[in-house]
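The structure file start.cif is reproduced below (mmCIF, C-alpha atoms and all ligand atoms).
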data_target
loop_
_atom_site.label_atom_id
_atom_site.label_comp_id
_atom_site.auth_asym_id
_atom_site.auth_seq_id
_atom_site.Cartn_x
_atom_site.Cartn_y
_atom_site.Cartn_z
CA MET A 21 -11.56 13.67 37.49
CA THR A 22 -12.99 14.80 34.18
CA SER A 23 -16.35 13.27 33.24
CA ASN A 24 -16.87 11.24 30.10
CA GLU A 25 -19.08 14.03 28.80
CA GLU A 26 -16.32 16.61 29.20
CA TRP A 27 -13.88 14.33 27.41
CA ALA A 28 -16.40 13.95 24.60
CA GLU A 29 -16.62 17.75 24.26
CA ARG A 30 -12.82 18.09 24.13
CA ASP A 31 -12.71 15.20 21.67
CA ALA A 32 -15.31 16.75 19.35
CA ALA A 33 -13.45 20.06 19.38
CA VAL A 34 -10.27 18.63 17.82
CA VAL A 35 -10.68 15.03 16.60
CA TRP A 36 -12.37 14.09 13.32
CA HIS A 37 -13.75 10.55 13.66
CA GLY A 38 -14.01 8.24 10.65
CA PHE A 39 -17.46 7.27 9.31
CA THR A 40 -18.95 9.63 11.90
CA GLN A 41 -21.07 12.76 11.52
CA MET A 42 -19.20 15.13 13.82
CA GLY A 43 -22.18 17.49 14.06
CA SER A 44 -24.04 14.92 16.17
CA TYR A 45 -21.05 13.02 17.59
CA THR A 46 -21.54 14.05 21.22
CA GLU A 47 -25.32 13.46 21.08
CA ASN A 48 -24.75 9.76 20.38
CA ALA A 49 -23.19 9.21 23.82
CA PRO A 50 -19.69 8.23 22.63
CA ILE A 51 -17.39 6.47 25.06
CA VAL A 52 -14.04 8.20 25.40
CA VAL A 53 -11.82 5.38 26.57
CA ASP A 54 -9.71 5.92 29.64
CA HIS A 55 -8.13 2.48 29.51
CA ALA A 56 -8.80 -1.02 28.22
CA ASP A 57 -8.06 -4.28 29.95
CA GLY A 58 -8.93 -7.86 28.99
CA HIS A 59 -12.22 -7.93 27.12
CA GLU A 60 -13.40 -4.63 28.60
CA ILE A 61 -12.91 -0.95 27.97
CA PHE A 62 -13.36 1.68 30.69
CA ASP A 63 -14.37 5.33 30.49
CA SER A 64 -13.06 8.00 32.87
CA GLU A 65 -16.04 7.57 35.20
CA GLY A 66 -15.17 3.92 35.72
CA ASN A 67 -18.02 2.57 33.57
CA ARG A 68 -17.04 -0.72 31.94
CA TYR A 69 -18.07 -2.10 28.58
CA LEU A 70 -17.58 -5.56 27.13
CA ASP A 71 -15.87 -5.00 23.76
CA ALA A 72 -18.19 -7.18 21.65
CA ILE A 73 -16.93 -5.71 18.35
CA SER A 74 -13.26 -6.34 19.15
CA SER A 75 -12.48 -2.66 18.52
CA LEU A 76 -13.83 -2.78 14.98
CA TRP A 77 -12.73 -6.40 14.35
CA VAL A 78 -9.01 -5.99 15.00
CA ASN A 79 -8.73 -7.31 18.53
CA THR A 80 -8.30 -11.03 19.18
CA PHE A 81 -7.23 -11.71 22.80
CA GLY A 82 -8.54 -8.53 24.36
CA HIS A 83 -6.56 -5.56 25.61
CA HIS A 84 -3.43 -5.22 27.71
CA VAL A 85 -2.39 -8.85 27.15
CA PRO A 86 0.79 -9.43 29.21
CA GLU A 87 2.59 -11.52 26.55
CA LEU A 88 1.85 -8.99 23.80
CA ASP A 89 2.81 -6.03 25.97
CA ASP A 90 6.11 -7.80 26.74
CA ALA A 91 6.81 -8.46 23.06
CA ILE A 92 6.58 -4.74 22.33
CA ARG A 93 8.71 -3.78 25.34
CA ALA A 94 11.40 -6.26 24.32
CA GLN A 95 11.45 -4.99 20.74
CA LEU A 96 11.65 -1.38 21.95
CA GLU A 97 15.08 -2.20 23.36
CA ARG A 98 16.12 -3.16 19.82
CA GLY A 99 14.62 -0.19 18.02
CA ALA A 100 11.06 0.67 17.01
CA HIS A 101 11.37 0.96 13.26
CA THR A 102 13.81 0.73 10.38
CA THR A 103 12.93 0.93 6.71
CA MET A 104 12.17 -2.11 4.57
CA LEU A 105 13.11 -0.29 1.36
CA GLY A 106 16.33 -1.99 0.30
CA ASN A 107 17.16 -3.24 3.81
CA GLY A 108 15.80 -5.73 6.32
CA ASN A 109 15.13 -6.22 10.00
CA ARG A 110 15.54 -9.48 11.94
CA VAL A 111 12.11 -9.44 13.57
CA VAL A 112 10.42 -8.94 10.17
CA VAL A 113 12.34 -11.93 8.79
CA GLU A 114 11.23 -14.01 11.77
CA LEU A 115 7.61 -12.93 11.41
CA SER A 116 7.63 -13.71 7.68
CA GLU A 117 9.13 -17.15 8.27
CA ALA A 118 6.46 -17.89 10.87
CA LEU A 119 3.66 -16.66 8.60
CA ALA A 120 5.10 -18.58 5.64
CA ARG A 121 4.53 -21.82 7.56
CA VAL A 122 0.79 -21.13 7.98
CA VAL A 123 -0.59 -18.98 5.15
CA PRO A 124 -2.61 -20.83 2.47
CA VAL A 125 -0.40 -19.55 -0.35
CA ASP A 126 2.24 -21.53 -2.28
CA ASP A 127 5.84 -20.37 -1.72
CA PRO A 128 4.65 -17.10 -0.08
CA HIS A 129 6.39 -13.69 -0.14
CA PHE A 130 5.28 -10.86 2.15
CA LEU A 131 4.95 -7.16 1.29
CA TYR A 132 3.98 -5.21 4.41
CA ALA A 133 1.91 -2.06 4.81
CA SER A 134 -0.07 -0.48 7.64
CA ASP A 135 -3.78 -0.86 6.81
CA GLY A 136 -6.03 -3.36 5.13
CA SER A 137 -6.81 -0.84 2.39
CA SER A 138 -3.11 -0.54 1.57
CA ALA A 139 -2.76 -4.32 1.45
CA VAL A 140 -5.56 -4.34 -1.15
CA GLU A 141 -3.93 -1.49 -3.13
CA GLN A 142 -0.72 -3.50 -3.20
CA ALA A 143 -2.56 -6.61 -4.38
CA HIS A 144 -4.18 -4.56 -7.11
CA LYS A 145 -0.90 -3.12 -8.40
CA ILE A 146 0.92 -6.44 -8.12
CA ALA A 147 -1.81 -8.23 -10.11
CA PHE A 148 -1.69 -5.55 -12.80
CA GLN A 149 2.09 -5.50 -13.11
CA TYR A 150 2.29 -9.30 -13.06
CA TRP A 151 0.80 -9.38 -16.57
CA VAL A 152 2.87 -6.42 -17.76
CA ASN A 153 6.05 -8.13 -16.57
CA ARG A 154 5.06 -11.30 -18.37
CA GLY A 155 4.50 -9.34 -21.58
CA VAL A 156 0.78 -10.12 -21.70
CA ARG A 157 -1.24 -7.17 -22.99
CA GLY A 158 -4.75 -6.04 -22.12
CA ARG A 159 -5.06 -7.53 -18.64
CA ASN A 160 -6.21 -4.25 -17.07
CA THR A 161 -9.59 -5.18 -15.62
CA PHE A 162 -10.67 -6.62 -12.28
CA LEU A 163 -13.72 -8.61 -11.26
CA GLY A 164 -15.32 -7.93 -7.88
CA PHE A 165 -18.54 -8.88 -6.13
CA GLY A 166 -21.64 -6.91 -5.31
CA GLY A 167 -21.59 -5.72 -1.70
CA ALA A 168 -17.82 -6.17 -1.50
CA TYR A 169 -15.80 -3.98 0.85
CA HIS A 170 -12.05 -3.76 0.34
CA GLY A 171 -11.17 -0.48 2.06
CA ASP A 172 -11.33 3.31 1.74
CA THR A 173 -8.44 4.32 -0.49
CA ILE A 174 -9.39 4.94 -4.11
CA GLY A 175 -8.16 1.63 -5.51
CA ALA A 176 -9.77 -0.38 -2.71
CA LEU A 177 -12.91 1.77 -3.01
CA SER A 178 -13.09 0.97 -6.71
CA LEU A 179 -12.69 -2.78 -6.22
CA GLY A 180 -15.40 -2.58 -3.56
CA ASP A 181 -19.03 -1.92 -4.32
CA GLY A 182 -19.94 1.31 -2.59
CA GLY A 183 -22.41 1.68 0.23
CA PHE A 184 -21.72 3.49 3.53
CA GLY A 185 -22.35 6.85 1.91
CA THR A 186 -19.46 6.40 -0.56
CA LYS A 187 -21.61 6.71 -3.68
CA LEU A 188 -20.58 10.34 -4.09
CA PHE A 189 -17.06 9.11 -4.82
CA ASP A 190 -18.27 7.22 -7.90
CA PRO A 191 -16.62 9.74 -10.28
CA LEU A 192 -13.29 8.87 -8.65
CA ARG A 193 -13.77 5.10 -8.94
CA PHE A 194 -12.23 3.25 -11.89
CA PRO A 195 -14.60 0.75 -13.52
CA VAL A 196 -14.48 -2.94 -12.62
CA LEU A 197 -16.58 -5.91 -13.68
CA ARG A 198 -19.11 -6.74 -11.00
CA ALA A 199 -20.70 -10.10 -10.13
CA PRO A 200 -23.82 -10.15 -7.93
CA GLY A 201 -23.40 -10.10 -4.13
CA PHE A 202 -23.33 -13.11 -1.79
CA ASP A 203 -27.04 -12.53 -1.08
CA ASP A 204 -27.66 -13.96 -4.58
CA PRO A 205 -27.01 -17.73 -4.45
CA GLY A 206 -26.21 -17.72 -8.18
CA CYS A 207 -23.39 -15.18 -7.77
CA PHE A 208 -20.54 -17.72 -7.86
CA GLU A 209 -21.69 -19.41 -11.01
CA ARG A 210 -22.23 -15.99 -12.59
CA ALA A 211 -18.75 -14.87 -11.53
CA ALA A 212 -17.19 -18.08 -12.89
CA THR A 213 -18.92 -17.42 -16.21
CA MET A 214 -17.66 -13.84 -16.22
CA VAL A 215 -14.11 -15.11 -15.63
CA ALA A 216 -14.45 -17.31 -18.71
CA GLU A 217 -16.01 -14.56 -20.84
CA HIS A 218 -13.54 -11.83 -19.87
CA ALA A 219 -10.38 -13.86 -19.28
CA THR A 220 -8.31 -11.92 -21.80
CA GLU A 221 -9.10 -8.57 -20.08
CA LEU A 222 -8.94 -9.72 -16.47
CA ALA A 223 -5.87 -9.27 -14.31
CA ALA A 224 -7.56 -10.77 -11.27
CA LEU A 225 -10.72 -11.60 -9.41
CA ILE A 226 -10.97 -10.30 -5.83
CA VAL A 227 -13.24 -11.85 -3.22
CA GLU A 228 -13.73 -11.97 0.55
CA PRO A 229 -13.67 -15.75 1.16
CA LEU A 230 -16.61 -17.19 3.16
CA VAL A 231 -17.85 -13.90 4.65
CA GLN A 232 -18.53 -10.50 3.13
CA GLY A 233 -18.04 -8.63 6.39
CA ALA A 234 -19.00 -5.03 5.82
CA ALA A 235 -21.84 -6.09 3.48
CA GLY A 236 -23.53 -7.32 6.66
CA MET A 237 -21.91 -10.70 7.36
CA LEU A 238 -23.17 -12.32 4.16
CA LEU A 239 -22.01 -15.92 3.93
CA ALA A 240 -20.61 -17.87 0.99
CA PRO A 241 -20.61 -21.67 0.83
CA PRO A 242 -17.02 -23.00 0.56
CA GLU A 243 -17.97 -24.67 -2.76
CA GLY A 244 -18.87 -21.25 -4.18
CA ILE A 245 -15.39 -19.91 -3.51
CA ALA A 246 -13.84 -23.17 -4.73
CA MET A 247 -15.79 -22.76 -8.00
CA LEU A 248 -14.23 -19.32 -8.48
CA ALA A 249 -10.75 -20.66 -7.85
CA ALA A 250 -11.30 -23.42 -10.42
CA ALA A 251 -12.51 -20.88 -13.02
CA CYS A 252 -9.51 -18.63 -12.35
CA ARG A 253 -7.13 -21.55 -12.70
CA GLU A 254 -8.75 -22.80 -15.88
CA HIS A 255 -8.69 -19.37 -17.55
CA ASP A 256 -5.39 -18.14 -16.10
CA VAL A 257 -6.81 -15.23 -14.09
CA LEU A 258 -5.20 -14.35 -10.75
CA LEU A 259 -7.26 -14.94 -7.61
CA ILE A 260 -6.99 -12.41 -4.77
CA HIS A 261 -8.46 -13.31 -1.38
CA ASP A 262 -9.16 -10.34 0.86
CA GLU A 263 -8.84 -11.90 4.33
CA VAL A 264 -8.40 -8.60 6.13
CA ALA A 265 -11.52 -9.40 8.19
CA THR A 266 -11.57 -13.21 8.09
CA GLY A 267 -7.88 -13.83 8.78
CA PHE A 268 -6.27 -14.89 12.06
CA GLY A 269 -8.89 -17.25 13.38
CA ARG A 270 -12.19 -15.39 12.96
CA THR A 271 -13.91 -18.15 10.97
CA GLY A 272 -12.66 -21.08 13.07
CA THR A 273 -9.59 -21.82 10.96
CA LEU A 274 -6.52 -19.60 10.93
CA PHE A 275 -7.56 -18.40 7.46
CA ALA A 276 -10.94 -18.79 5.76
CA SER A 277 -9.12 -19.83 2.56
CA GLU A 278 -8.19 -23.11 4.27
CA GLN A 279 -11.87 -24.05 4.07
CA CYS A 280 -12.32 -23.29 0.38
CA ALA A 281 -9.43 -22.40 -1.97
CA ARG A 282 -5.81 -21.21 -2.16
CA PRO A 283 -5.38 -17.76 -3.73
CA ASP A 284 -2.45 -16.38 -5.76
CA ILE A 285 -2.48 -13.21 -3.65
CA LEU A 286 -3.74 -12.90 -0.07
CA CYS A 287 -4.49 -9.65 1.81
CA LEU A 288 -4.06 -9.63 5.59
CA GLY A 289 -4.72 -6.90 8.14
CA LYS A 290 -6.96 -6.31 11.15
CA GLY A 291 -6.14 -9.25 13.48
CA ILE A 292 -2.51 -9.61 12.40
CA THR A 293 -1.14 -7.83 15.50
CA GLY A 294 -3.98 -8.92 17.79
CA GLY A 295 -5.33 -5.38 17.59
CA TYR A 296 -2.17 -3.73 18.92
CA LEU A 297 -0.49 -1.85 16.08
CA PRO A 298 -1.33 -0.97 12.49
CA MET A 299 0.11 -3.60 10.18
CA SER A 300 -1.08 -5.34 7.04
CA ALA A 301 0.48 -7.62 4.46
CA THR A 302 0.02 -8.61 0.86
CA VAL A 303 1.11 -12.20 0.35
CA ALA A 304 2.16 -13.20 -3.15
CA SER A 305 2.65 -16.78 -4.33
CA GLY A 306 6.01 -17.79 -5.76
CA ARG A 307 4.56 -17.75 -9.28
CA VAL A 308 3.47 -14.11 -8.89
CA PHE A 309 6.67 -13.06 -7.10
CA ASP A 310 8.92 -14.65 -9.74
CA ALA A 311 7.42 -12.43 -12.45
CA PHE A 312 8.98 -9.43 -10.66
CA THR A 313 12.57 -10.62 -10.49
CA GLY A 314 15.04 -9.18 -13.00
CA PRO A 315 18.04 -6.82 -13.35
CA ASP A 316 18.79 -4.22 -10.64
CA LEU A 317 16.83 -0.98 -11.18
CA GLY A 318 15.00 -2.74 -14.03
CA GLU A 319 11.40 -2.25 -14.98
CA ARG A 320 10.25 -5.57 -13.51
CA THR A 321 10.75 -4.09 -10.01
CA LEU A 322 7.64 -3.34 -7.93
CA TYR A 323 7.99 0.41 -7.45
CA HIS A 324 5.83 0.61 -4.35
CA GLY A 325 6.48 0.76 -0.60
CA HIS A 326 5.22 2.62 2.46
CA SER A 327 7.26 4.53 5.04
CA TYR A 328 6.18 2.33 7.94
CA SER A 329 6.10 -0.94 5.98
CA GLY A 330 7.38 -3.79 8.17
CA ASN A 331 7.42 -1.74 11.37
CA ALA A 332 9.53 -3.64 13.89
CA LEU A 333 7.26 -3.08 16.91
CA ALA A 334 4.27 -4.29 14.90
CA ALA A 335 6.25 -7.27 13.61
CA ALA A 336 7.32 -8.23 17.14
CA VAL A 337 3.77 -8.19 18.47
CA ALA A 338 2.44 -9.98 15.35
CA LEU A 339 5.01 -12.74 15.82
CA ARG A 340 4.16 -13.23 19.50
CA HIS A 341 0.46 -13.10 18.65
CA LEU A 342 0.82 -15.89 16.09
CA GLU A 343 2.55 -18.02 18.72
CA LEU A 344 -0.27 -17.33 21.19
CA ILE A 345 -2.94 -18.38 18.69
CA GLU A 346 -1.26 -21.78 18.54
CA SER A 347 -0.24 -22.22 22.18
CA ARG A 348 -3.66 -21.21 23.53
CA ASP A 349 -5.53 -23.41 21.05
CA VAL A 350 -7.79 -20.47 20.32
CA LEU A 351 -9.23 -21.96 17.12
CA ALA A 352 -10.92 -24.68 19.17
CA ASN A 353 -12.45 -21.96 21.33
CA VAL A 354 -13.70 -20.09 18.25
CA ARG A 355 -15.45 -23.23 16.98
CA GLU A 356 -16.95 -24.16 20.38
CA ARG A 357 -18.09 -20.63 21.22
CA SER A 358 -19.46 -20.21 17.69
CA ALA A 359 -21.69 -23.25 18.14
CA GLU A 360 -22.77 -21.95 21.53
CA LEU A 361 -23.46 -18.43 20.24
CA GLY A 362 -25.48 -19.86 17.34
CA GLY A 363 -27.62 -21.82 19.80
CA LEU A 364 -28.18 -18.81 22.05
CA LEU A 365 -29.15 -16.61 19.11
CA ASP A 366 -31.53 -19.27 17.78
CA ASP A 367 -33.21 -19.56 21.20
CA ARG A 368 -33.44 -15.93 22.25
CA ILE A 369 -33.08 -13.66 19.22
CA ARG A 370 -34.21 -15.43 16.05
CA PRO A 371 -37.86 -15.89 17.16
CA ARG A 372 -38.30 -12.11 17.59
CA ARG A 373 -40.53 -10.39 15.04
CA SER A 374 -38.02 -7.55 14.83
CA VAL A 375 -35.32 -9.93 13.50
CA ALA A 376 -35.16 -10.80 9.80
CA ASP A 377 -32.12 -13.09 9.75
CA ILE A 378 -29.11 -14.22 11.74
CA ARG A 379 -25.80 -15.12 10.09
CA LEU A 380 -22.76 -16.54 11.83
CA CYS A 381 -19.42 -17.94 10.66
CA GLY A 382 -16.96 -18.68 13.44
CA LEU A 383 -17.07 -15.57 15.60
CA MET A 384 -18.27 -13.23 12.84
CA GLY A 385 -21.96 -12.68 13.39
CA GLY A 386 -24.71 -10.40 12.12
CA VAL A 387 -28.28 -9.99 13.38
CA GLU A 388 -30.33 -8.41 10.63
CA LEU A 389 -33.21 -6.35 11.96
CA ALA A 390 -36.54 -5.91 10.18
CA PRO A 391 -37.75 -2.38 10.89
CA ARG A 392 -41.37 -1.81 9.87
CA GLN A 393 -40.49 1.36 8.00
CA ASP A 394 -37.53 3.48 6.88
CA GLY A 395 -35.88 5.97 9.18
CA LEU A 396 -36.39 4.08 12.46
CA ARG A 397 -32.59 3.72 12.84
CA TRP A 398 -33.08 0.41 14.68
CA GLY A 399 -29.49 -0.71 14.19
CA ARG A 400 -28.16 2.42 15.81
CA ARG A 401 -30.73 2.50 18.61
CA VAL A 402 -30.41 -1.19 19.49
CA CYS A 403 -26.63 -0.79 19.74
CA ALA A 404 -27.01 2.37 21.84
CA ALA A 405 -29.36 0.49 24.20
CA SER A 406 -26.76 -2.31 24.44
CA VAL A 407 -23.98 0.16 25.24
CA GLU A 408 -26.13 1.58 28.05
CA ARG A 409 -26.26 -1.97 29.42
CA GLY A 410 -22.49 -2.39 29.28
CA VAL A 411 -21.95 -4.21 25.97
CA LEU A 412 -20.21 -2.23 23.22
CA LEU A 413 -21.86 -2.91 19.85
CA ARG A 414 -21.78 -1.03 16.55
CA PRO A 415 -24.16 -1.74 13.67
CA LEU A 416 -23.79 -1.86 9.90
CA GLY A 417 -27.04 -0.13 8.97
CA ASP A 418 -29.78 -2.32 10.43
CA ILE A 419 -27.44 -5.24 11.03
CA VAL A 420 -26.10 -5.64 14.55
CA VAL A 421 -22.55 -6.97 14.29
CA LEU A 422 -21.31 -9.51 16.84
CA MET A 423 -17.50 -9.84 16.77
CA PRO A 424 -16.38 -10.92 20.22
CA PRO A 425 -12.72 -11.60 20.98
CA LEU A 426 -11.49 -15.03 19.90
CA ASP A 427 -11.03 -16.17 23.51
CA VAL A 428 -14.49 -14.98 24.57
CA THR A 429 -15.98 -17.05 27.39
CA SER A 430 -19.33 -18.78 27.61
CA ALA A 431 -20.42 -16.37 30.36
CA GLU A 432 -19.57 -13.38 28.16
CA LEU A 433 -21.60 -14.79 25.26
CA HIS A 434 -24.57 -15.19 27.59
CA GLN A 435 -24.12 -11.57 28.69
CA ILE A 436 -23.97 -10.31 25.08
CA VAL A 437 -27.11 -12.20 24.03
CA ARG A 438 -29.03 -11.21 27.18
CA VAL A 439 -28.18 -7.55 26.65
CA LEU A 440 -29.04 -7.70 22.95
CA ASP A 441 -32.35 -9.36 23.83
CA ASP A 442 -33.20 -6.58 26.33
CA ALA A 443 -32.09 -3.86 23.90
CA LEU A 444 -34.31 -5.32 21.15
CA GLU A 445 -37.24 -5.44 23.55
CA GLU A 446 -36.71 -1.77 24.47
CA VAL A 447 -36.27 -0.46 20.93
CA ALA A 448 -38.41 -2.78 18.81
CA GLY A 449 -40.92 -4.27 21.23
CA PRO A 450 -41.67 -7.99 21.65
C1 LIG B 1 -11.60 -3.57 7.16
C2 LIG B 1 -11.44 -4.18 5.82
C3 LIG B 1 -10.57 -3.62 4.86
C4 LIG B 1 -9.87 -2.31 5.08
O1 LIG B 1 -8.95 -2.37 6.12
P1 LIG B 1 -8.47 -1.00 6.83
O2 LIG B 1 -7.44 -1.46 7.82
O3 LIG B 1 -9.69 -0.43 7.49
O4 LIG B 1 -7.92 -0.12 5.79
C5 LIG B 1 -10.41 -4.30 3.67
N1 LIG B 1 -11.05 -5.45 3.41
C6 LIG B 1 -11.88 -6.02 4.31
C7 LIG B 1 -12.54 -7.31 3.98
C8 LIG B 1 -12.12 -5.39 5.54
O5 LIG B 1 -12.98 -5.95 6.43
#
Rewrite the structure of this file - the entire thing - as structure tokens.
Ligand SMILES: *Cc1c(COP(=O)(O)O)cnc(C)c1O
Amino acid sequence: MTSNEEWAERDAAVVWHGFTQMGSYTENAPIVVDHADGHEIFDSEGNRYLDAISSLWVNTFGHHVPELDDAIRAQLERGAHTTMLGNGNRVVVELSEALARVVPVDDPHFLYASDGSSAVEQAHKIAFQYWVNRGVRGRNTFLGFGGAYHGDTIGALSLGDGGFGTKLFDPLRFPVLRAPGFDDPGCFERAATMVAEHATELAALIVEPLVQGAAGMLLAPPEGIAMLAAACREHDVLLIHDEVATGFGRTGTLFASEQCARPDILCLGKGITGGYLPMSATVASGRVFDAFTGPDLGERTLYHGHSYSGNALAAAVALRHLELIESRDVLANVRERSAELGGLLDDRIRPRRSVADIRLCGLMGGVELAPRQDGLRWGRRVCAASVERGVLLRPLGDIVVLMPPLDVTSAELHQIVRVLDDALEEVAGP
């Protein structure tokens, strides 16, 4: 049996990990997963870790879920992938019909891709071409929020607001109009005003409804998002909701938009396959879609599409996953466990001097630490101390992210909060 440490050495020799300084990768005690089962992941020494970040927010029902495994096996018998460019596939039709019944978009049409970033790129190009196809000139600009994160590709990076060491890419970013972040309570009114002022230049406004995830779980009141939607409607600007993080039950409803406003274009990713396979989708309303119909090979066509768009294995598992969300009544669990987690955090974590704020929406949570000076790396060290105690956490700067699976149990929430409490005590003192 090879030790975890040896696997980490082999890993570091050939694998380049995202958002990770490879020079110190092995010093930060990485877990090289041997297998994952239920809510836990296991290393090759048999150590087990509760996956409290749902494998970077994509996982919903845990790992090695029998029904989801079966869906992939069954689809394998019918072929793993066929192209969506100019042809179709039955399982993709079935998935789209099932999604069409539940997405908060009028008369929805689905353009698939493989990552959240690509779903955002597609939304960006669709919004731009929508105005071109309608013969409206000058609608080249986008409005985004401070702190927004929409992905890593250049278009998504430009719509987003930097951070995470991406400032050096600024020369590659195209300019967008920027409202303040969700940490400024006046940001929605300001954004609504900007929509009015810049309506003739704006193709679309893009926002993460209810929760700016990567910004550190910053919360928006539903009325704030509704105000944006009203401004966009009034001034005929398209509204794009990036629900890559909030979609598929995270906030207690299937989509966060259900709690605030219906967008013209919706971006889905992360939880769409329950964390099994890379898939994302850009959902366009009938009004947007109709602007693209015209003569064969004509210029109203959307000339865009990825090789693995609408992958059949991913579609099969996404379809089964959507059925499971309904049949297991997981949204009720998200709401109940969210209330419970909020109570536990208020009791055990909020009173600590080392904690500045706690934010929670459904099962998207952030514990913001208050280090006494720069350079203490509390976020990193608190998460490392939690991993040592068997709970896998990963911070965003000095914010400890809590993203348990949607069917997390009460006992698991108690374990997560107990471990976080002990880790805070060790790193930050009482
Ligand atoms: C993660 C994320 C993305 C990017 O998705 P990838 O699959 O990592 O490309 C985009 N928007 C939001 C809100 C996200 O949380």
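In this model, the gap between CA of Arg210 (chain A) and atom C5 of ligand LIG 1 (chain B) comes to 23.3 Å.
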Go through chain A and flag each residue having an atom no more than 7 Å from ligand LIG 1 (chain B); for those, report the closest pair of atoms plus their distance in Å to one decimal, using only C-alpha atoms and all ligand atoms, ordered by chain and rising number, as CSV.
residue,atom,partner,partner_atom,distance
A:Asp135,CA,B:LIG1,O2,3.8
A:Gly136,CA,B:LIG1,O1,3.2
A:Ser137,CA,B:LIG1,O4,3.6
A:Ser138,CA,B:LIG1,O4,6.4
A:Val140,CA,B:LIG1,C5,6.8
A:Tyr169,CA,B:LIG1,N1,5.6
A:His170,CA,B:LIG1,N1,3.6
A:Gly171,CA,B:LIG1,C4,3.8
A:Asp172,CA,B:LIG1,O4,6.3
A:Glu228,CA,B:LIG1,C7,5.9
A:Gln232,CA,B:LIG1,C7,6.8
A:Gly233,CA,B:LIG1,O5,5.7
A:Ala234,CA,B:LIG1,O5,6.1
A:Asp262,CA,B:LIG1,C7,5.5
A:Glu263,CA,B:LIG1,C7,5.9
A:Val264,CA,B:LIG1,C6,4.7
A:Ala265,CA,B:LIG1,O5,4.1
A:Gly289,CA,B:LIG1,O2,6.1
A:Lys290,CA,B:LIG1,O2,5.9
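For the pair CA of Arg392 (chain A) and CA of Gly185 (chain A), the separation is 22.4 Å.
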**Request:** Write out as a ChimeraX atom specification the residues lying within 10 Å of Lys145 (chain A), counting only C-alpha atoms and excluding same-chain residues fewer than 5 positions away.
**Result:** /A:140,150,175,223,322-324
Residues near region 329-339 of chain A, cut-off 8 Å, only C-alpha atoms, skip fewer than 4 positions along chain, as an mmCIF file with C-alpha atoms, keeping the file's coordinate frame:
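So the final result, stored in selection17.cif, reads:
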data_model
loop_
_atom_site.group_PDB
_atom_site.id
_atom_site.type_symbol
_atom_site.label_atom_id
_atom_site.label_comp_id
_atom_site.auth_asym_id
_atom_site.auth_seq_id
_atom_site.Cartn_x
_atom_site.Cartn_y
_atom_site.Cartn_z
ATOM 1 C CA LEU A 88 1.850 -8.990 23.800
ATOM 2 C CA ASP A 89 2.810 -6.030 25.970
ATOM 3 C CA ALA A 91 6.810 -8.460 23.060
ATOM 4 C CA ILE A 92 6.580 -4.740 22.330
ATOM 5 C CA GLN A 95 11.450 -4.990 20.740
ATOM 6 C CA LEU A 96 11.650 -1.380 21.950
ATOM 7 C CA GLY A 99 14.620 -0.190 18.020
ATOM 8 C CA ALA A 100 11.060 0.670 17.010
ATOM 9 C CA HIS A 101 11.370 0.960 13.260
ATOM 10 C CA THR A 102 13.810 0.730 10.380
ATOM 11 C CA THR A 103 12.930 0.930 6.710
ATOM 12 C CA MET A 104 12.170 -2.110 4.570
ATOM 13 C CA ASN A 109 15.130 -6.220 10.000
ATOM 14 C CA VAL A 111 12.110 -9.440 13.570
ATOM 15 C CA VAL A 112 10.420 -8.940 10.170
ATOM 16 C CA GLU A 114 11.230 -14.010 11.770
ATOM 17 C CA LEU A 115 7.610 -12.930 11.410
ATOM 18 C CA ALA A 118 6.460 -17.890 10.870
ATOM 19 C CA LEU A 131 4.950 -7.160 1.290
ATOM 20 C CA TYR A 132 3.980 -5.210 4.410
ATOM 21 C CA ALA A 133 1.910 -2.060 4.810
ATOM 22 C CA SER A 134 -0.070 -0.480 7.640
ATOM 23 C CA ILE A 292 -2.510 -9.610 12.400
ATOM 24 C CA THR A 293 -1.140 -7.830 15.500
ATOM 25 C CA GLY A 294 -3.980 -8.920 17.790
ATOM 26 C CA TYR A 296 -2.170 -3.730 18.920
ATOM 27 C CA LEU A 297 -0.490 -1.850 16.080
ATOM 28 C CA PRO A 298 -1.330 -0.970 12.490
ATOM 29 C CA MET A 299 0.110 -3.600 10.180
ATOM 30 C CA GLY A 325 6.480 0.760 -0.600
ATOM 31 C CA GLU A 343 2.550 -18.020 18.720
#
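Counting only C-alpha atoms and comparing A:Ala120, A:Leu351, A:Leu177, A:Val375, the residue that lies closest to Val387 (chain A) is A:Val375.
Note that the spacing between CA of Asp54 (chain A) and CA of Gly66 (chain A) amounts to 8.4 Å.
Minimum distance to Ala448 (chain A) across A:Ala431, A:Ala390, A:Ala199, A:Ala139 (counting only C-alpha atoms) occurs at A:Ala390.
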